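Here the structure is laid out as structure tokens; the discussion comes afterwards.
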Amino acid sequence: MLQTKVIAAMNPLLSTALPGVAAPVLFILLAALGLRRWGGGRAGFVLAGCMAAAFFFGSVALAGWPPLPPVTTTQWIGLLALAAGVLAFPAAAFPPVGRWLFRTAVIAAFLWTAARPKFAAAWTPGQGVLSLAAATVLVTGLWGLLQRRSRSVGPLRFVFPLGAGMALGALLFFQEGSLLLAQWAALAALITGAAWLGLAVAAGKPVPMEAPLGVVFPVYGVIAVNALWYTDLPVSWALALWAGLALPVVIGLRGKKL
């Protein structure tokens, strides 16, 4: 009986999501293959732009074209990916402190799209401000730690555990019964994994991951916070979710950059 229910729940994912995201994932794989041969900072920005576009068109395949302005919290996700791809360029122009102040403001704005219904119907102003601030600190702080780890171990030994952590989140959301959030999280994991595979198999120069991380992680952070705010995710699962995302930070990776 349980197996029948799982198969029935997976049918929408298999029939609609996988064919729809196949093209964006293949696009990222080919882009990473080419950019690995180019290498350098510009290649990182180009990969970030490619990942933003792939995430947007993958989101269209999952949920259709979003209305303008979006109505639900999840309708914002594809547009946030495009915004993250664009904002990666001005962020790089700031000095380190200004860059992280800018990124914190971006994360707060992104999370506001998820928090609006809660402000309107569930939270008092004080609860809303505290919840939004806590989520902003959590996502921005983990983003900073992940970026630091990406510089110390190199992209190839960093991207794979990050994608694995995102895949863990997709599994937890699916088990909780939120198929839509599971699809969004799986899309992020697949795009990240495709970038890792392309960078891993091609010979060439290193591709910095700062800009690509600035696309995929803020968007995934919004997905994860949506799950915390709008599903009955058990506390143990929530801890597993964020521990999985922190995997590249805590894992004992050593060796030169690849």
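By order of appearance in the structure tokens: chains A, B, ..., then residues from 1 within every chain, and ligands from 1 in the order shown.
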Discussion item. Can you pull out the residues contacting Val71 (chain A)? Cut-off 12 Å, using only C-alpha atoms, and skip same-chain residues under 6 positions away; I want them as a PyMOL selection string.
Written reply: chain A and resi 77+113-114+116-117
Worksheet item: So which residues touch Gly214 (chain A) within 9 Å, counting only C-alpha atoms, skipping near sequence neighbours fewer than 2 positions away, as a PyMOL selection string?
Response: chain A and resi 48+84-85+87-88+103+143+147+209-212+216-219
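Using only C-alpha atoms, the smallest distance between any of A:Leu247, A:Leu213, A:Ile28, A:Ala23 and Ile191 (chain A) comes from A:Ile28.
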Fill in: Gap from CA of Leu132 (chain A) to CA of Thr74 (chain A) - Å, one decimal
16.9 Å
